[in-house]
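Accompanying notes for the structure given below.
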Amino acid sequence: MSTVRTARTGAAHRLAALAEDALGGPLPVRLRAWDGTETGPAEGPVVVVRSRRALRRLLWQPGELGLAQAYVTGELDVDGDLADGLRRMWAATRERRLHPPRLSLADRARAAGTAVRLGAVGPRPAAPATQARLRGGLHTKSRDRAAISHHYDLSNDFYRLLLDETMAYSCGVWADEYTDANAAGSQRAKLELICRKLGLTAGSRLLDIGCGWGSLTLYAAERHKAEVTAVTLAKEQAAYVREQVRERGLEDRVEVVCQDYRDITGGDYDAVSAVEMGEHVGDAEYPAFTAALHRMVRPGGRVLVQQMSRGPGTPGGGAFIEAYIAPDMHMRPLGETVQLLEDAGLEVRHVESLREHYVRTVAAWERTLEDRWDDFVALVGKETARVWRLYLVGGALAFEQRRMGVDQILGVRPTAEGVSGMPATPGEWYERLDRP
């Protein structure tokens, strides 16, 4: 009798009642509280609320951001498969039409009363140290530099540990979907595909905007003998690429510039690439970005944009990614990006979705994180490692469920006479792509 009473009046039962009121339906996962009580479905992952502080965070910050803060600090955890837990939550939201918390004054009063009884009331907890803290006007050069630094200057050692030897931090192309191709092979296939779409040959002048750790820059210079100007805002990335250029003897073909794309001078490039950097440009600033792409490529030259998009009716990155991973990012539906490129005077000739490829790419990074968990924790600390676990697991799921996508968009700047110089058919782009 006392056991039943404890189960009904324990912290887990009280928390579940609050959550179900807020969501408008039963919890799709089991819940375990700090007092050892549990409630919810018997099968599947268990959400573990390790301390009252997690509840306090949710009182002050209801929704995705509060949950993320509690997770990265370890105040909330998942016992079992994190991806399965997130997948169940999204399935319940979709199938049962559960909704994110929209608490009325009465709801908040009831939640506060429960929090008092659970001993969770207190001042607002400080945001975790890993959360971005940006200042200044949105998409000013100084704020953009800080936003890029927050993510990409974590350390070159961190990304060496996470990525394969290509150091490509973008969606790969898994050329043979029926074999277990390795991550490095998928990245080389992607780099080769980009070079073919851009029509690079010996002596071609390529502007690589947002070059990352130089995967495309180095590949284009080594394999296709292109002359590359590599641009990045991240100091750690610029230092790494310069080191690789020296080691590979590519000083006569590669120039590395650490600057904002808005400060790039010159033009008349044969090709311009922007691989997963357009998400950082900003919504209001994107027309000026596409105008810059048009200005910097010569007539008859090609522009390739590989960029993440959001699915119909979805927010794109969401509160967690924007607070911890890519501050100030903006995703739009694919069609809107195509229209903006066309409005700038580029003729869009080919669009290719790589959404399923990103599921596999991110899953490979997440396996590396788990396999080398102790090394990651020793390098960047447990909180940062948990940020990345949540980011990678959640990201793979977003691509899987079409809440996010990624696309390669190939455009050309036609000559005044309308000549594009494009091949009649692009079939040769894909021949033996898995063996570039």
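How things are named: the first chain in the structure tokens is A, the next is B, and so on; residues count from 1 in each chain; ligands count from 1 in the order shown.
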May I have all residues of region 26-141 of chain A that DSSP, computed from the backbone, assigns to strand (DSSP E), given as a PDB file with all heavy atoms, in the first residue's frame?
ATOM      1  N   ARG A  30       9.374   7.023 -20.602  1.00  0.00           N
ATOM      2  CA  ARG A  30       9.314   6.824 -19.160  1.00  0.00           C
ATOM      3  C   ARG A  30      10.086   7.927 -18.458  1.00  0.00           C
ATOM      4  O   ARG A  30      11.056   8.471 -18.998  1.00  0.00           O
ATOM      5  CB  ARG A  30       9.881   5.455 -18.787  1.00  0.00           C
ATOM      6  CG  ARG A  30       9.601   5.040 -17.343  1.00  0.00           C
ATOM      7  CD  ARG A  30       9.817   3.564 -17.136  1.00  0.00           C
ATOM      8  NE  ARG A  30       9.489   3.147 -15.778  1.00  0.00           N
ATOM      9  CZ  ARG A  30       8.258   2.934 -15.343  1.00  0.00           C
ATOM     10  NH1 ARG A  30       7.234   3.095 -16.165  1.00  0.00           N
ATOM     11  NH2 ARG A  30       8.030   2.548 -14.099  1.00  0.00           N
ATOM     12  N   LEU A  31       9.665   8.268 -17.258  1.00  0.00           N
ATOM     13  CA  LEU A  31      10.278   9.355 -16.494  1.00  0.00           C
ATOM     14  C   LEU A  31      10.746   8.831 -15.141  1.00  0.00           C
ATOM     15  O   LEU A  31      10.007   8.138 -14.443  1.00  0.00           O
ATOM     16  CB  LEU A  31       9.254  10.481 -16.302  1.00  0.00           C
ATOM     17  CG  LEU A  31       9.735  11.763 -15.618  1.00  0.00           C
ATOM     18  CD1 LEU A  31      10.756  12.489 -16.492  1.00  0.00           C
ATOM     19  CD2 LEU A  31       8.548  12.676 -15.332  1.00  0.00           C
ATOM     20  N   ARG A  32      11.995   9.153 -14.797  1.00  0.00           N
ATOM     21  CA  ARG A  32      12.542   8.796 -13.476  1.00  0.00           C
ATOM     22  C   ARG A  32      13.033  10.076 -12.813  1.00  0.00           C
ATOM     23  O   ARG A  32      13.754  10.866 -13.434  1.00  0.00           O
ATOM     24  CB  ARG A  32      13.686   7.812 -13.609  1.00  0.00           C
ATOM     25  CG  ARG A  32      14.302   7.388 -12.257  1.00  0.00           C
ATOM     26  CD  ARG A  32      15.566   6.564 -12.472  1.00  0.00           C
ATOM     27  NE  ARG A  32      15.313   5.419 -13.324  1.00  0.00           N
ATOM     28  CZ  ARG A  32      16.202   4.895 -14.170  1.00  0.00           C
ATOM     29  NH1 ARG A  32      17.413   5.452 -14.292  1.00  0.00           N
ATOM     30  NH2 ARG A  32      15.894   3.850 -14.917  1.00  0.00           N
ATOM     31  N   GLU A  38       9.376   6.382 -10.600  1.00  0.00           N
ATOM     32  CA  GLU A  38       9.264   6.314 -12.051  1.00  0.00           C
ATOM     33  C   GLU A  38       7.804   6.232 -12.462  1.00  0.00           C
ATOM     34  O   GLU A  38       6.955   5.747 -11.711  1.00  0.00           O
ATOM     35  CB  GLU A  38       9.992   5.075 -12.603  1.00  0.00           C
ATOM     36  CG  GLU A  38      11.490   5.082 -12.414  1.00  0.00           C
ATOM     37  CD  GLU A  38      12.170   3.929 -13.143  1.00  0.00           C
ATOM     38  OE1 GLU A  38      11.552   3.360 -14.079  1.00  0.00           O
ATOM     39  OE2 GLU A  38      13.303   3.590 -12.785  1.00  0.00           O
ATOM     40  N   THR A  39       7.544   6.682 -13.685  1.00  0.00           N
ATOM     41  CA  THR A  39       6.214   6.542 -14.265  1.00  0.00           C
ATOM     42  C   THR A  39       6.338   6.628 -15.774  1.00  0.00           C
ATOM     43  O   THR A  39       7.331   7.123 -16.298  1.00  0.00           O
ATOM     44  CB  THR A  39       5.257   7.640 -13.757  1.00  0.00           C
ATOM     45  OG1 THR A  39       3.922   7.364 -14.192  1.00  0.00           O
ATOM     46  CG2 THR A  39       5.666   9.022 -14.250  1.00  0.00           C
ATOM     47  N   VAL A  46      14.516   5.987 -20.878  1.00  0.00           N
ATOM     48  CA  VAL A  46      14.000   6.621 -19.657  1.00  0.00           C
ATOM     49  C   VAL A  46      14.626   8.004 -19.530  1.00  0.00           C
ATOM     50  O   VAL A  46      15.853   8.146 -19.540  1.00  0.00           O
ATOM     51  CB  VAL A  46      14.341   5.778 -18.406  1.00  0.00           C
ATOM     52  CG1 VAL A  46      13.783   6.444 -17.149  1.00  0.00           C
ATOM     53  CG2 VAL A  46      13.805   4.355 -18.547  1.00  0.00           C
ATOM     54  N   VAL A  47      13.780   9.022 -19.429  1.00  0.00           N
ATOM     55  CA  VAL A  47      14.267  10.373 -19.156  1.00  0.00           C
ATOM     56  C   VAL A  47      14.501  10.483 -17.654  1.00  0.00           C
ATOM     57  O   VAL A  47      13.596  10.229 -16.855  1.00  0.00           O
ATOM     58  CB  VAL A  47      13.257  11.434 -19.623  1.00  0.00           C
ATOM     59  CG1 VAL A  47      13.718  12.833 -19.202  1.00  0.00           C
ATOM     60  CG2 VAL A  47      13.080  11.368 -21.132  1.00  0.00           C
ATOM     61  N   VAL A  48      15.708  10.830 -17.273  1.00  0.00           N
ATOM     62  CA  VAL A  48      16.096  10.880 -15.868  1.00  0.00           C
ATOM     63  C   VAL A  48      16.276  12.335 -15.454  1.00  0.00           C
ATOM     64  O   VAL A  48      17.145  13.039 -15.993  1.00  0.00           O
ATOM     65  CB  VAL A  48      17.407  10.100 -15.627  1.00  0.00           C
ATOM     66  CG1 VAL A  48      17.750  10.094 -14.137  1.00  0.00           C
ATOM     67  CG2 VAL A  48      17.292   8.677 -16.167  1.00  0.00           C
ATOM     68  N   VAL A  49      15.433  12.785 -14.525  1.00  0.00           N
ATOM     69  CA  VAL A  49      15.576  14.133 -13.958  1.00  0.00           C
ATOM     70  C   VAL A  49      16.416  13.983 -12.710  1.00  0.00           C
ATOM     71  O   VAL A  49      15.940  13.514 -11.676  1.00  0.00           O
ATOM     72  CB  VAL A  49      14.202  14.762 -13.640  1.00  0.00           C
ATOM     73  CG1 VAL A  49      14.383  16.195 -13.143  1.00  0.00           C
ATOM     74  CG2 VAL A  49      13.306  14.732 -14.866  1.00  0.00           C
ATOM     75  N   LEU A  76      19.540  16.696 -16.431  1.00  0.00           N
ATOM     76  CA  LEU A  76      18.562  15.819 -17.084  1.00  0.00           C
ATOM     77  C   LEU A  76      19.334  14.899 -18.021  1.00  0.00           C
ATOM     78  O   LEU A  76      20.269  15.344 -18.686  1.00  0.00           O
ATOM     79  CB  LEU A  76      17.536  16.659 -17.846  1.00  0.00           C
ATOM     80  CG  LEU A  76      16.390  15.932 -18.553  1.00  0.00           C
ATOM     81  CD1 LEU A  76      15.137  16.811 -18.540  1.00  0.00           C
ATOM     82  CD2 LEU A  76      16.748  15.580 -19.990  1.00  0.00           C
ATOM     83  N   ASP A  77      18.965  13.636 -18.059  1.00  0.00           N
ATOM     84  CA  ASP A  77      19.700  12.680 -18.887  1.00  0.00           C
ATOM     85  C   ASP A  77      18.728  11.689 -19.510  1.00  0.00           C
ATOM     86  O   ASP A  77      17.528  11.694 -19.196  1.00  0.00           O
ATOM     87  CB  ASP A  77      20.744  11.939 -18.040  1.00  0.00           C
ATOM     88  CG  ASP A  77      21.971  11.554 -18.853  1.00  0.00           C
ATOM     89  OD1 ASP A  77      21.877  11.512 -20.099  1.00  0.00           O
ATOM     90  OD2 ASP A  77      23.021  11.280 -18.255  1.00  0.00           O
ATOM     91  N   VAL A  78      19.235  10.861 -20.378  1.00  0.00           N
ATOM     92  CA  VAL A  78      18.432   9.798 -20.991  1.00  0.00           C
ATOM     93  C   VAL A  78      19.145   8.483 -20.746  1.00  0.00           C
ATOM     94  O   VAL A  78      20.311   8.321 -21.107  1.00  0.00           O
ATOM     95  CB  VAL A  78      18.238  10.030 -22.499  1.00  0.00           C
ATOM     96  CG1 VAL A  78      17.515   8.845 -23.124  1.00  0.00           C
ATOM     97  CG2 VAL A  78      17.462  11.314 -22.738  1.00  0.00           C
ATOM     98  N   ASP A  79      18.461   7.571 -20.105  1.00  0.00           N
ATOM     99  CA  ASP A  79      18.975   6.226 -19.852  1.00  0.00           C
ATOM    100  C   ASP A  79      18.478   5.345 -20.995  1.00  0.00           C
ATOM    101  O   ASP A  79      17.302   4.995 -21.063  1.00  0.00           O
ATOM    102  CB  ASP A  79      18.465   5.727 -18.502  1.00  0.00           C
ATOM    103  CG  ASP A  79      19.082   4.385 -18.117  1.00  0.00           C
ATOM    104  OD1 ASP A  79      19.886   3.856 -18.907  1.00  0.00           O
ATOM    105  OD2 ASP A  79      18.747   3.864 -17.040  1.00  0.00           O
TER     106      ASP A  79
END
Check which residues of region 334-357 of chain A sit at most 12 Å from region 384-398 of chain A using only C-alpha atoms, and return one row each with the closest pair of atoms and their distance in Å to one decimal, ordered by chain and rising number, as a Markdown table.
| residue | atom | partner | partner_atom | distance |
| --- | --- | --- | --- | --- |
| A:Arg355 | CA | A:Ala398 | CA | 9.7 |
| A:Glu356 | CA | A:Ala396 | CA | 9.3 |
| A:His357 | CA | A:Ala396 | CA | 10.0 |
Would you write out those residues with C-alpha atoms, as a PDB file, in the first residue's frame?
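Just written: result.pdb:
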ATOM      1  CA  ARG A 355      19.185  15.066 -47.305  1.00  0.00           C
ATOM      2  CA  GLU A 356      19.552  11.307 -46.831  1.00  0.00           C
ATOM      3  CA  HIS A 357      23.301  11.640 -47.320  1.00  0.00           C
TER       4      HIS A 357
END
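Residue nearest Leu334 (chain A) within the list A:Arg432, A:Lys141, A:Arg87, A:Arg310: A:Arg310 [criterion: smallest interatomic distance, only C-alpha atoms].
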- Using DSSP on the backbone, list every residue of region 34-280 of chain A that comes out as alpha helix (DSSP H), and give them as JSON, numbers by chain. {"A": [52, 53, 54, 55, 56, 57, 58, 59, 60, 64, 65, 66, 67, 68, 69, 70, 71, 72, 82, 83, 84, 85, 86, 87, 88, 89, 90, 91, 92, 93, 94, 95, 105, 106, 107, 108, 109, 110, 111, 112, 113, 114, 115, 116, 117, 118, 141, 142, 143, 144, 145, 146, 147, 148, 149, 150, 151, 152, 156, 157, 158, 159, 160, 161, 162, 183, 184, 185, 186, 187, 188, 189, 190, 191, 192, 193, 194, 195, 196, 197, 198, 215, 216, 217, 218, 219, 220, 221, 222, 223, 235, 236, 237, 238, 239, 240, 241, 242, 243, 244, 245, 246, 247]}
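One finds CA of Ala288 (chain A) at 8.9 Å from CA of Arg262 (chain A).
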- Message: List as a PyMOL selection string the protein and nucleic acid residues near Thr290 (chain A), meaning an atom at most 8 Å away when only C-alpha atoms are counted, but skip any in the same chain fewer than 2 places from it.
- Response: chain A and resi 286-288+292-294+340-341+344
